[in-house]
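Coordinates as given in protein_29.cif (mmCIF, C-alpha atoms (C1' of nucleotides)):
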```
data_my_file
loop_
_atom_site.group_PDB
_atom_site.id
_atom_site.type_symbol
_atom_site.label_atom_id
_atom_site.label_comp_id
_atom_site.auth_asym_id
_atom_site.auth_seq_id
_atom_site.Cartn_x
_atom_site.Cartn_y
_atom_site.Cartn_z
ATOM 1 C CA MET X 213 110.479 105.511 -2.684
ATOM 2 C CA THR X 214 108.499 102.422 -1.991
ATOM 3 C CA GLY X 215 108.877 102.706 1.721
ATOM 4 C CA GLY X 216 111.051 99.629 1.802
ATOM 5 C CA GLY X 217 112.271 97.809 4.811
ATOM 6 C CA CYS X 218 109.973 94.847 4.572
ATOM 7 C CA CYS X 219 112.169 92.019 3.337
ATOM 8 C CA ALA X 220 113.488 88.929 4.965
ATOM 9 C CA PRO X 221 117.256 88.674 5.436
ATOM 10 C CA ILE X 222 119.073 87.612 2.304
ATOM 11 C CA SER X 223 120.301 84.463 4.012
ATOM 12 C CA GLU X 224 116.695 83.370 4.348
ATOM 13 C CA ALA X 225 115.215 84.283 0.998
ATOM 14 C CA ALA X 226 116.495 85.593 -2.306
ATOM 15 C CA LEU X 227 115.489 89.126 -3.226
ATOM 16 C CA ASP X 228 113.279 89.756 -6.192
ATOM 17 C CA PRO X 229 114.698 92.202 -8.741
ATOM 18 C CA ALA X 230 112.715 95.163 -7.426
ATOM 19 C CA ALA X 231 113.799 94.640 -3.835
ATOM 20 C CA ALA X 232 117.380 94.144 -4.989
ATOM 21 C CA ALA X 233 117.278 97.426 -6.886
ATOM 22 C CA GLU X 234 115.976 99.266 -3.861
ATOM 23 C CA GLY X 235 118.519 97.733 -1.514
ATOM 24 C CA ALA X 236 121.378 98.311 -3.933
ATOM 25 C CA ALA X 237 120.450 101.977 -4.177
ATOM 26 C CA VAL X 238 120.853 102.398 -0.428
ATOM 27 C CA PHE X 239 124.080 100.406 -0.326
ATOM 28 C CA LYS X 240 125.374 102.610 -3.115
ATOM 29 C CA ALA X 241 124.936 105.595 -0.854
ATOM 30 C CA LEU X 242 127.266 103.919 1.650
ATOM 31 C CA ALA X 243 129.683 102.671 -0.994
ATOM 32 C CA ASP X 244 131.974 105.699 -0.842
ATOM 33 C CA PRO X 245 134.611 106.174 1.866
ATOM 34 C CA ILE X 246 133.646 109.777 2.486
ATOM 35 C CA ARG X 247 129.943 109.046 2.633
ATOM 36 C CA LEU X 248 130.389 106.058 4.945
ATOM 37 C CA ARG X 249 132.503 108.179 7.245
ATOM 38 C CA LEU X 250 129.969 111.001 7.057
ATOM 39 C CA MET X 251 127.246 108.537 7.969
ATOM 40 C CA SER X 252 129.233 107.205 10.907
ATOM 41 C CA ILE X 253 129.978 110.706 12.164
ATOM 42 C CA ILE X 254 126.329 111.697 12.006
ATOM 43 C CA ALA X 255 125.058 108.396 13.389
ATOM 44 C CA SER X 256 127.453 108.410 16.314
ATOM 45 C CA ALA X 257 126.865 112.044 17.220
ATOM 46 C CA GLY X 258 123.893 111.135 19.374
ATOM 47 C CA GLY X 259 121.840 113.952 17.919
ATOM 48 C CA GLU X 260 122.153 116.520 15.207
ATOM 49 C CA LEU X 261 125.304 117.952 13.737
ATOM 50 C CA CYS X 262 126.086 121.249 12.006
ATOM 51 C CA VAL X 263 127.657 121.029 8.559
ATOM 52 C CA CYS X 264 130.214 123.527 9.767
ATOM 53 C CA ASP X 265 131.425 120.926 12.293
ATOM 54 C CA ILE X 266 131.542 118.164 9.687
ATOM 55 C CA THR X 267 133.312 119.763 6.739
ATOM 56 C CA PRO X 268 136.614 120.526 8.522
ATOM 57 C CA GLN X 269 137.060 116.824 9.306
ATOM 58 C CA PHE X 270 137.553 116.070 5.614
ATOM 59 C CA GLU X 271 140.164 116.925 3.045
ATOM 60 C CA VAL X 272 137.727 117.652 0.252
ATOM 61 C CA SER X 273 135.990 120.879 -0.649
ATOM 62 C CA GLY X 274 132.739 122.141 0.834
ATOM 63 C CA PRO X 275 130.698 121.513 -2.308
ATOM 64 C CA THR X 276 131.892 117.917 -2.343
ATOM 65 C CA ILE X 277 130.716 117.360 1.237
ATOM 66 C CA SER X 278 127.432 119.008 0.358
ATOM 67 C CA HIS X 279 127.054 116.660 -2.591
ATOM 68 C CA HIS X 280 127.702 113.567 -0.457
ATOM 69 C CA LEU X 281 125.271 114.745 2.206
ATOM 70 C CA ARG X 282 122.646 115.110 -0.461
ATOM 71 C CA VAL X 283 123.225 111.539 -1.626
ATOM 72 C CA LEU X 284 122.809 110.285 1.935
ATOM 73 C CA ARG X 285 119.652 112.334 2.315
ATOM 74 C CA GLU X 286 118.143 111.083 -0.941
ATOM 75 C CA ALA X 287 118.862 107.530 0.199
ATOM 76 C CA GLY X 288 116.803 108.175 3.329
ATOM 77 C CA LEU X 289 119.797 107.709 5.616
ATOM 78 C CA VAL X 290 119.889 111.219 7.059
ATOM 79 C CA ASP X 291 117.675 114.270 7.133
ATOM 80 C CA CYS X 292 118.441 117.937 7.623
ATOM 81 C CA GLU X 293 117.005 121.288 8.528
ATOM 82 C CA ARG X 294 118.262 124.831 8.125
ATOM 83 C CA ARG X 295 118.211 126.975 11.236
ATOM 84 C CA GLY X 296 119.438 130.465 10.562
ATOM 85 C CA THR X 297 122.795 130.461 8.885
ATOM 86 C CA TRP X 298 123.562 126.832 9.664
ATOM 87 C CA VAL X 299 122.235 123.490 8.455
ATOM 88 C CA TYR X 300 121.912 120.550 10.819
ATOM 89 C CA TYR X 301 121.900 116.846 9.888
ATOM 90 C CA TRP X 302 120.710 113.859 11.893
ATOM 91 C CA PRO X 303 120.537 110.101 11.167
ATOM 92 C CA MET X 304 117.441 108.107 10.209
ATOM 93 C CA PRO X 305 117.992 104.931 12.273
ATOM 94 C CA ASP X 306 115.139 102.952 10.726
ATOM 95 C CA ARG X 307 116.964 102.868 7.443
ATOM 96 C CA LEU X 308 120.157 101.626 9.074
ATOM 97 C CA ARG X 309 118.240 98.975 10.944
ATOM 98 C CA TRP X 310 116.637 97.807 7.729
ATOM 99 C CA LEU X 311 120.023 97.307 6.060
ATOM 100 C CA SER X 312 121.404 95.621 9.140
ATOM 101 C CA ALA X 313 118.467 93.199 9.197
ATOM 102 C CA LEU X 314 118.853 92.510 5.484
ATOM 103 C CA LEU X 315 122.417 91.324 6.024
ATOM 104 C CA SER X 316 121.879 89.514 9.288
ATOM 105 C CA THR X 317 122.923 85.881 9.283
ATOM 106 C CA PRO X 318 122.373 83.236 11.932
ATOM 107 C CA GLU X 319 125.459 82.279 13.887
ATOM 108 C CA PRO X 320 126.744 78.839 12.996
ATOM 109 C CA SER X 321 126.340 78.056 16.683
ATOM 110 C CA ALA X 322 125.539 74.376 16.520
ATOM 111 C CA ALA X 323 125.402 73.065 13.125
ATOM 112 C CA SER X 324 125.900 72.534 9.528
ATOM 113 C CA ARG X 325 128.527 73.142 6.944
ATOM 114 C CA MET B 264 144.479 96.810 5.700
ATOM 115 C CA THR B 265 143.122 96.311 9.137
ATOM 116 C CA GLY B 266 142.006 92.782 8.602
ATOM 117 C CA GLY B 267 138.457 93.900 8.896
ATOM 118 C CA GLY B 268 135.541 92.983 11.001
ATOM 119 C CA CYS B 269 136.725 94.632 14.156
ATOM 120 C CA CYS B 270 134.893 97.949 14.360
ATOM 121 C CA ALA B 271 132.159 99.154 16.614
ATOM 122 C CA PRO B 272 128.801 99.955 15.007
ATOM 123 C CA ILE B 273 128.725 103.327 13.329
ATOM 124 C CA SER B 274 126.036 104.526 15.695
ATOM 125 C CA GLU B 275 128.492 104.093 18.536
ATOM 126 C CA ALA B 276 131.695 105.478 17.095
ATOM 127 C CA ALA B 277 132.741 107.276 13.949
ATOM 128 C CA LEU B 278 134.946 105.347 11.543
ATOM 129 C CA ASP B 279 138.468 106.480 10.874
ATOM 130 C CA PRO B 280 139.310 107.008 7.203
ATOM 131 C CA ALA B 281 140.970 103.628 6.780
ATOM 132 C CA ALA B 282 138.057 101.711 8.256
ATOM 133 C CA ALA B 283 135.629 103.758 6.181
ATOM 134 C CA ALA B 284 137.546 102.906 3.028
ATOM 135 C CA GLU B 285 137.480 99.222 3.846
ATOM 136 C CA GLY B 286 133.791 99.226 4.680
ATOM 137 C CA ALA B 287 132.889 101.281 1.633
ATOM 138 C CA ALA B 288 134.696 98.788 -0.591
ATOM 139 C CA VAL B 289 132.496 95.969 0.672
ATOM 140 C CA PHE B 290 129.320 98.029 0.429
ATOM 141 C CA LYS B 291 130.291 98.877 -3.122
ATOM 142 C CA ALA B 292 130.209 95.191 -3.929
ATOM 143 C CA LEU B 293 126.574 95.116 -2.798
ATOM 144 C CA ALA B 294 125.700 98.420 -4.444
ATOM 145 C CA ASP B 295 124.549 96.895 -7.711
ATOM 146 C CA PRO B 296 121.109 95.346 -8.192
ATOM 147 C CA ILE B 297 122.466 92.277 -9.924
ATOM 148 C CA ARG B 298 125.200 91.715 -7.359
ATOM 149 C CA LEU B 299 122.859 92.159 -4.420
ATOM 150 C CA ARG B 300 120.472 89.656 -5.957
ATOM 151 C CA LEU B 301 123.351 87.287 -6.688
ATOM 152 C CA MET B 302 124.443 87.585 -3.076
ATOM 153 C CA SER B 303 120.933 86.887 -1.818
ATOM 154 C CA ILE B 304 120.560 83.874 -4.094
ATOM 155 C CA ILE B 305 123.855 82.419 -2.927
ATOM 156 C CA ALA B 306 123.301 83.293 0.725
ATOM 157 C CA SER B 307 119.817 81.818 0.808
ATOM 158 C CA ALA B 308 120.753 78.629 -1.003
ATOM 159 C CA GLY B 309 121.766 76.957 2.221
ATOM 160 C CA GLY B 310 124.944 75.627 0.701
ATOM 161 C CA GLU B 311 126.781 75.906 -2.550
ATOM 162 C CA LEU B 312 125.365 76.768 -5.924
ATOM 163 C CA CYS B 313 126.486 76.012 -9.464
ATOM 164 C CA VAL B 314 126.982 78.981 -11.768
ATOM 165 C CA CYS B 315 124.914 77.121 -14.310
ATOM 166 C CA ASP B 316 121.932 77.376 -11.961
ATOM 167 C CA ILE B 317 122.512 81.083 -11.327
ATOM 168 C CA THR B 318 123.069 82.560 -14.768
ATOM 169 C CA PRO B 319 119.663 81.623 -16.249
ATOM 170 C CA GLN B 320 117.936 83.637 -13.513
ATOM 171 C CA PHE B 321 119.295 86.871 -14.980
ATOM 172 C CA GLU B 322 118.751 88.778 -18.169
ATOM 173 C CA VAL B 323 122.388 89.672 -18.706
ATOM 174 C CA SER B 324 125.122 87.742 -20.466
ATOM 175 C CA GLY B 325 127.284 85.071 -18.929
ATOM 176 C CA PRO B 326 130.445 87.160 -18.832
ATOM 177 C CA THR B 327 128.549 89.862 -16.978
ATOM 178 C CA ILE B 328 127.469 87.407 -14.290
ATOM 179 C CA SER B 329 131.031 86.121 -14.140
ATOM 180 C CA HIS B 330 132.264 89.673 -13.647
ATOM 181 C CA HIS B 331 129.805 90.321 -10.807
ATOM 182 C CA LEU B 332 130.676 87.055 -9.106
ATOM 183 C CA ARG B 333 134.307 88.055 -9.230
ATOM 184 C CA VAL B 334 133.532 91.376 -7.559
ATOM 185 C CA LEU B 335 131.659 89.572 -4.779
ATOM 186 C CA ARG B 336 134.547 87.159 -4.390
ATOM 187 C CA GLU B 337 137.173 89.897 -4.236
ATOM 188 C CA ALA B 338 135.076 91.618 -1.576
ATOM 189 C CA GLY B 339 135.249 88.466 0.532
ATOM 190 C CA LEU B 340 131.502 87.913 0.354
ATOM 191 C CA VAL B 341 131.579 84.595 -1.476
ATOM 192 C CA ASP B 342 134.098 81.968 -2.436
ATOM 193 C CA CYS B 343 134.145 79.384 -5.180
ATOM 194 C CA GLU B 344 135.700 76.175 -6.361
ATOM 195 C CA ARG B 345 135.804 74.410 -9.696
ATOM 196 C CA ARG B 346 134.712 70.793 -9.700
ATOM 197 C CA GLY B 347 134.896 69.198 -13.074
ATOM 198 C CA THR B 348 133.138 71.253 -15.662
ATOM 199 C CA TRP B 349 131.206 73.332 -13.159
ATOM 200 C CA VAL B 350 132.076 76.060 -10.695
ATOM 201 C CA TYR B 351 130.331 76.277 -7.348
ATOM 202 C CA TYR B 352 129.880 79.364 -5.175
ATOM 203 C CA TRP B 353 129.010 79.653 -1.501
ATOM 204 C CA PRO B 354 128.579 82.599 0.886
ATOM 205 C CA MET B 355 131.071 83.830 3.491
ATOM 206 C CA PRO B 356 128.726 84.549 6.399
ATOM 207 C CA ASP B 357 131.347 86.237 8.580
ATOM 208 C CA ARG B 358 131.597 89.095 6.135
ATOM 209 C CA LEU B 359 127.835 89.558 6.068
ATOM 210 C CA ARG B 360 127.716 89.507 9.847
ATOM 211 C CA TRP B 361 130.410 92.151 10.000
ATOM 212 C CA LEU B 362 128.430 94.508 7.760
ATOM 213 C CA SER B 363 125.248 93.811 9.659
ATOM 214 C CA ALA B 364 126.960 94.609 12.946
ATOM 215 C CA LEU B 365 128.458 97.794 11.477
ATOM 216 C CA LEU B 366 124.997 99.100 10.666
ATOM 217 C CA SER B 367 123.221 97.861 13.776
ATOM 218 C CA THR B 368 121.477 100.527 15.788
ATOM 219 C CA PRO B 369 119.816 100.241 19.166
ATOM 220 C CA GLU B 370 116.039 100.372 19.141
ATOM 221 C CA PRO B 371 114.754 103.678 20.462
ATOM 222 C CA SER B 372 112.586 101.938 23.020
ATOM 223 C CA ALA B 373 111.629 98.492 24.190
ATOM 224 C CA ALA B 374 110.444 96.957 21.002
ATOM 225 C CA SER B 375 107.196 95.237 20.530
ATOM 226 C CA ARG B 376 104.614 94.730 17.929
ATOM 227 C "C1'" DA W 158 144.239 63.296 -30.736
ATOM 228 C "C1'" DG W 159 139.572 66.122 -31.556
ATOM 229 C "C1'" DT W 160 135.356 68.165 -30.066
ATOM 230 C "C1'" DC W 161 132.149 70.180 -27.073
ATOM 231 C "C1'" DA W 162 130.400 72.834 -23.133
ATOM 232 C "C1'" DA W 163 130.992 75.779 -18.842
ATOM 233 C "C1'" DG W 164 133.218 79.721 -17.111
ATOM 234 C "C1'" DA W 165 136.665 83.197 -17.053
ATOM 235 C "C1'" DT W 166 139.282 86.871 -19.248
ATOM 236 C "C1'" DA W 167 140.299 90.695 -22.577
ATOM 237 C "C1'" DG W 168 139.155 94.721 -25.066
ATOM 238 C "C1'" DA W 169 135.816 98.255 -26.393
ATOM 239 C "C1'" DT W 170 132.185 101.476 -25.443
ATOM 240 C "C1'" DG W 171 128.667 104.298 -23.314
ATOM 241 C "C1'" DT W 172 127.171 105.954 -18.946
ATOM 242 C "C1'" DA W 173 127.653 107.167 -14.087
ATOM 243 C "C1'" DT W 174 130.216 109.273 -10.432
ATOM 244 C "C1'" DG W 175 133.565 112.080 -7.590
ATOM 245 C "C1'" DT W 176 135.768 116.234 -7.605
ATOM 246 C "C1'" DC W 177 136.633 121.012 -8.270
ATOM 247 C "C1'" DG W 178 136.003 126.246 -8.984
ATOM 248 C "C1'" DA W 179 132.605 129.664 -9.772
ATOM 249 C "C1'" DA W 180 128.279 131.317 -8.980
ATOM 250 C "C1'" DA W 181 123.772 131.443 -6.610
ATOM 251 C "C1'" DC W 182 121.158 131.363 -2.438
ATOM 252 C "C1'" DA W 183 119.893 132.234 2.513
ATOM 253 C "C1'" DG W 184 120.362 134.782 6.734
ATOM 254 C "C1'" DG W 185 122.524 137.767 10.075
ATOM 255 C "C1'" DA W 186 125.041 142.185 11.103
ATOM 256 C "C1'" DG W 187 126.366 146.697 10.348
ATOM 257 C "C1'" DC U 54 120.167 148.472 1.802
ATOM 258 C "C1'" DT U 55 124.951 146.494 1.562
ATOM 259 C "C1'" DC U 56 128.265 143.412 2.984
ATOM 260 C "C1'" DC U 57 129.803 138.994 4.863
ATOM 261 C "C1'" DT U 58 129.586 134.050 6.002
ATOM 262 C "C1'" DG U 59 127.732 129.348 5.565
ATOM 263 C "C1'" DT U 60 125.748 126.130 2.374
ATOM 264 C "C1'" DT U 61 123.947 124.536 -1.943
ATOM 265 C "C1'" DT U 62 123.734 124.401 -6.980
ATOM 266 C "C1'" DC U 63 125.894 124.601 -11.569
ATOM 267 C "C1'" DG U 64 129.124 123.294 -15.295
ATOM 268 C "C1'" DA U 65 133.027 120.932 -16.531
ATOM 269 C "C1'" DC U 66 136.314 117.318 -16.360
ATOM 270 C "C1'" DA U 67 138.699 112.813 -15.446
ATOM 271 C "C1'" DT U 68 138.091 108.432 -13.768
ATOM 272 C "C1'" DA U 69 135.449 104.303 -12.682
ATOM 273 C "C1'" DC U 70 131.980 100.964 -13.868
ATOM 274 C "C1'" DA U 71 128.468 97.835 -16.219
ATOM 275 C "C1'" DT U 72 127.821 95.666 -20.239
ATOM 276 C "C1'" DC U 73 128.699 93.610 -24.564
ATOM 277 C "C1'" DT U 74 131.243 90.450 -28.131
ATOM 278 C "C1'" DA U 75 135.137 87.727 -28.996
ATOM 279 C "C1'" DT U 76 138.577 84.790 -27.289
ATOM 280 C "C1'" DC U 77 140.866 81.759 -23.984
ATOM 281 C "C1'" DT U 78 141.051 78.002 -20.389
ATOM 282 C "C1'" DT U 79 139.571 73.969 -18.223
ATOM 283 C "C1'" DG U 80 137.803 69.501 -18.112
ATOM 284 C "C1'" DA U 81 134.820 65.599 -19.980
ATOM 285 C "C1'" DC U 82 133.829 62.424 -23.459
ATOM 286 C "C1'" DT U 83 134.441 59.773 -27.889
#
```

Please express the file's structure as structure tokens.
Amino acid sequence: MTGGGCCAPISEAALDPAAAAEGAAVFKALADPIRLRLMSIIASAGGELCVCDITPQFEVSGPTISHHLRVLREAGLVDCERRGTWVYYWPMPDRLRWLSALLSTPEPSAASR
Amino acid sequence: MTGGGCCAPISEAALDPAAAAEGAAVFKALADPIRLRLMSIIASAGGELCVCDITPQFEVSGPTISHHLRVLREAGLVDCERRGTWVYYWPMPDRLRWLSALLSTPEPSAASR
DNA sequence: AGTCAAGATAGATGTATGTCGAAACAGGAG
DNA sequence: CTCCTGTTTCGACATACATCTATCTTGACT
């Protein structure tokens, strides 16, 4: 990955094709209901979370959860570590902040339109 | 549908399945390089933009741009109006702000740089 | 009316993606 | 070492999606 996270908000300047491709790849990781919920569960946990505590919250099979976690990890949104039998996941807040900044838009407080 | 735009950031509380589905649908609209660039071009234009000024900036065919604009419109990210021969698009900033707020994450410490 | 141009829609096609069951892998416990 | 449990990887399948060409719609102009 290029490292990313360096662009102005899209309401200030248009993205060049390369930046758009990089941003779209991360949004794609969040563009699935299960993955977005996974991300919110991990991000709101306040620390790390065992896969064994995550999987039962969903209706889909274990391999499917594992697949979605991998997508989130490859997008740089979470990271994980195996400790003994269990695997723990935690969020990567910088990546979330980058996306949030990309989409940020000034309030129409006193002005135009 | 919940009406949208009412949830706490994902780093504060996990999304319920319905909210995750709604959020994922909007992220999916931004999960394509061409659509994300389209969105940034429209959002940074400072007003409305004619399709005829947008299409030449891309390497794909007109119908493809039309298709992507429709996806953005159905996601509530832009809106459009026909005036005479031309069609004009403008951004819906509330929707962008909602996504940005969803992903916002507190800084780990007092920021500075 | 006829013609032209801008955009949108329809249909077709190749590729990507979500899901599963089965199998492999990694560690702990007997 | 052998078994058992938690997690990932593999292979297969059905559906969804991006893109194209061809066609339709809308409005302007002669």

What's the 10 Å shell around DA183 (chain W), counting only C-alpha atoms (C1' of nucleotides), without same-chain residues fewer than 3 positions away, as a PDB file with C-alpha atoms (C1' of nucleotides), keeping the file's coordinate frame?
```pdb
ATOM      1  CA  ARG X 294     118.262 124.831   8.125  1.00  0.00           C
ATOM      2  CA  GLY X 296     119.438 130.465  10.562  1.00  0.00           C
ATOM      3  CA  THR X 297     122.795 130.461   8.885  1.00  0.00           C
ATOM      4  CA  TRP X 298     123.562 126.832   9.664  1.00  0.00           C
TER       5      TRP X 298
ATOM      6  C1'  DG U  59     127.732 129.348   5.565  1.00  0.00           C
ATOM      7  C1'  DT U  60     125.748 126.130   2.374  1.00  0.00           C
ATOM      8  C1'  DT U  61     123.947 124.536  -1.943  1.00  0.00           C
TER       9       DT U  61
END
```

Note to self: When the PyMOL selection byres ((chain B) within 10 of (chain X)) is applied to the structure above, which residues does it catch, written out as a PyMOL selection string?
What the structure shows: chain B and resi 272-310+321+354+356-371

Check: Hey, which of X:Leu261, X:Pro268, X:Val290, X:Arg295 ends up closest to chain W? Count only C-alpha atoms (C1' of nucleotides).
Finding: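 Checking each of X:Leu261, X:Pro268, X:Val290, X:Arg295 against chain W, counting only C-alpha atoms (C1' of nucleotides), the winner is X:Arg295.
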
Quick one: apply the PyMOL selection byres ((chain W and resi 161-172) around 12) to the file and drop the selected residues here as a PDB file with C-alpha atoms (C1' of nucleotides), keeping the file's coordinate frame.
```pdb
ATOM      1  CA  CYS B 313     126.486  76.012  -9.464  1.00  0.00           C
ATOM      2  CA  VAL B 314     126.982  78.981 -11.768  1.00  0.00           C
ATOM      3  CA  CYS B 315     124.914  77.121 -14.310  1.00  0.00           C
ATOM      4  CA  ASP B 316     121.932  77.376 -11.961  1.00  0.00           C
ATOM      5  CA  THR B 318     123.069  82.560 -14.768  1.00  0.00           C
ATOM      6  CA  SER B 324     125.122  87.742 -20.466  1.00  0.00           C
ATOM      7  CA  GLY B 325     127.284  85.071 -18.929  1.00  0.00           C
ATOM      8  CA  PRO B 326     130.445  87.160 -18.832  1.00  0.00           C
ATOM      9  CA  THR B 327     128.549  89.862 -16.978  1.00  0.00           C
ATOM     10  CA  ILE B 328     127.469  87.407 -14.290  1.00  0.00           C
ATOM     11  CA  SER B 329     131.031  86.121 -14.140  1.00  0.00           C
ATOM     12  CA  HIS B 330     132.264  89.673 -13.647  1.00  0.00           C
ATOM     13  CA  HIS B 331     129.805  90.321 -10.807  1.00  0.00           C
ATOM     14  CA  LEU B 332     130.676  87.055  -9.106  1.00  0.00           C
ATOM     15  CA  ARG B 333     134.307  88.055  -9.230  1.00  0.00           C
ATOM     16  CA  CYS B 343     134.145  79.384  -5.180  1.00  0.00           C
ATOM     17  CA  GLU B 344     135.700  76.175  -6.361  1.00  0.00           C
ATOM     18  CA  ARG B 345     135.804  74.410  -9.696  1.00  0.00           C
ATOM     19  CA  ARG B 346     134.712  70.793  -9.700  1.00  0.00           C
ATOM     20  CA  GLY B 347     134.896  69.198 -13.074  1.00  0.00           C
ATOM     21  CA  THR B 348     133.138  71.253 -15.662  1.00  0.00           C
ATOM     22  CA  TRP B 349     131.206  73.332 -13.159  1.00  0.00           C
ATOM     23  CA  VAL B 350     132.076  76.060 -10.695  1.00  0.00           C
ATOM     24  CA  TYR B 351     130.331  76.277  -7.348  1.00  0.00           C
TER      25      TYR B 351
ATOM     26  C1'  DG W 159     139.572  66.122 -31.556  1.00  0.00           C
ATOM     27  C1'  DT W 160     135.356  68.165 -30.066  1.00  0.00           C
ATOM     28  C1'  DA W 173     127.653 107.167 -14.087  1.00  0.00           C
ATOM     29  C1'  DT W 174     130.216 109.273 -10.432  1.00  0.00           C
TER      30       DT W 174
ATOM     31  C1'  DA U  69     135.449 104.303 -12.682  1.00  0.00           C
ATOM     32  C1'  DC U  70     131.980 100.964 -13.868  1.00  0.00           C
ATOM     33  C1'  DA U  71     128.468  97.835 -16.219  1.00  0.00           C
ATOM     34  C1'  DT U  72     127.821  95.666 -20.239  1.00  0.00           C
ATOM     35  C1'  DC U  73     128.699  93.610 -24.564  1.00  0.00           C
ATOM     36  C1'  DT U  74     131.243  90.450 -28.131  1.00  0.00           C
ATOM     37  C1'  DA U  75     135.137  87.727 -28.996  1.00  0.00           C
ATOM     38  C1'  DT U  76     138.577  84.790 -27.289  1.00  0.00           C
ATOM     39  C1'  DC U  77     140.866  81.759 -23.984  1.00  0.00           C
ATOM     40  C1'  DT U  78     141.051  78.002 -20.389  1.00  0.00           C
ATOM     41  C1'  DT U  79     139.571  73.969 -18.223  1.00  0.00           C
ATOM     42  C1'  DG U  80     137.803  69.501 -18.112  1.00  0.00           C
ATOM     43  C1'  DA U  81     134.820  65.599 -19.980  1.00  0.00           C
ATOM     44  C1'  DC U  82     133.829  62.424 -23.459  1.00  0.00           C
ATOM     45  C1'  DT U  83     134.441  59.773 -27.889  1.00  0.00           C
TER      46       DT U  83
END
```

Next item on the list: Kindly indicate which residue among B:Leu340, B:Ile317, B:Val323, B:Ala271 lies nearest to chain U, using all atoms listed in the file for the distances.
Entry: B:Val323

Kindly provide, as JSON, the centre and edge lengths (Å, one decimal) of an axis-aligned box around all atoms of region 176-186 of chain W given in the file, with 3 Å on each side.
```
{"center_x": 128.3, "center_y": 129.2, "center_z": 0.7, "size_x": 22.7, "size_y": 32.0, "size_z": 26.9}
```

Margin query: Pairing the C-alpha atoms in order and superposing chain B on chain X, what is the resulting RMSD?
Written below: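 With chain B fitted onto chain X, the C-alpha RMSD reads 2.6 Å.
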
Next item on the list: To one decimal in Å, tell me the separation between CA of Trp302 (chain X) and C1' of DC177 (chain W).
Entry: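 Here the two named atoms are 26.7 Å from each other.
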
So that I can see what lies close to DG187 (chain W), please list as a short mmCIF file (atom, residue, chain, number, x, y, z; two decimals) with C-alpha atoms (C1' of nucleotides), in the frame of the given file the residues with an atom at most 12 Å from it, counting only C-alpha atoms (C1' of nucleotides) and leaving out residues fewer than 4 positions away in the same chain.
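Ended up saving to result21.cif:
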```cif
data_model
loop_
_atom_site.label_atom_id
_atom_site.label_comp_id
_atom_site.auth_asym_id
_atom_site.auth_seq_id
_atom_site.Cartn_x
_atom_site.Cartn_y
_atom_site.Cartn_z
"C1'" DC U 54 120.17 148.47 1.80
"C1'" DT U 55 124.95 146.49 1.56
"C1'" DC U 56 128.26 143.41 2.98
"C1'" DC U 57 129.80 138.99 4.86
#
```
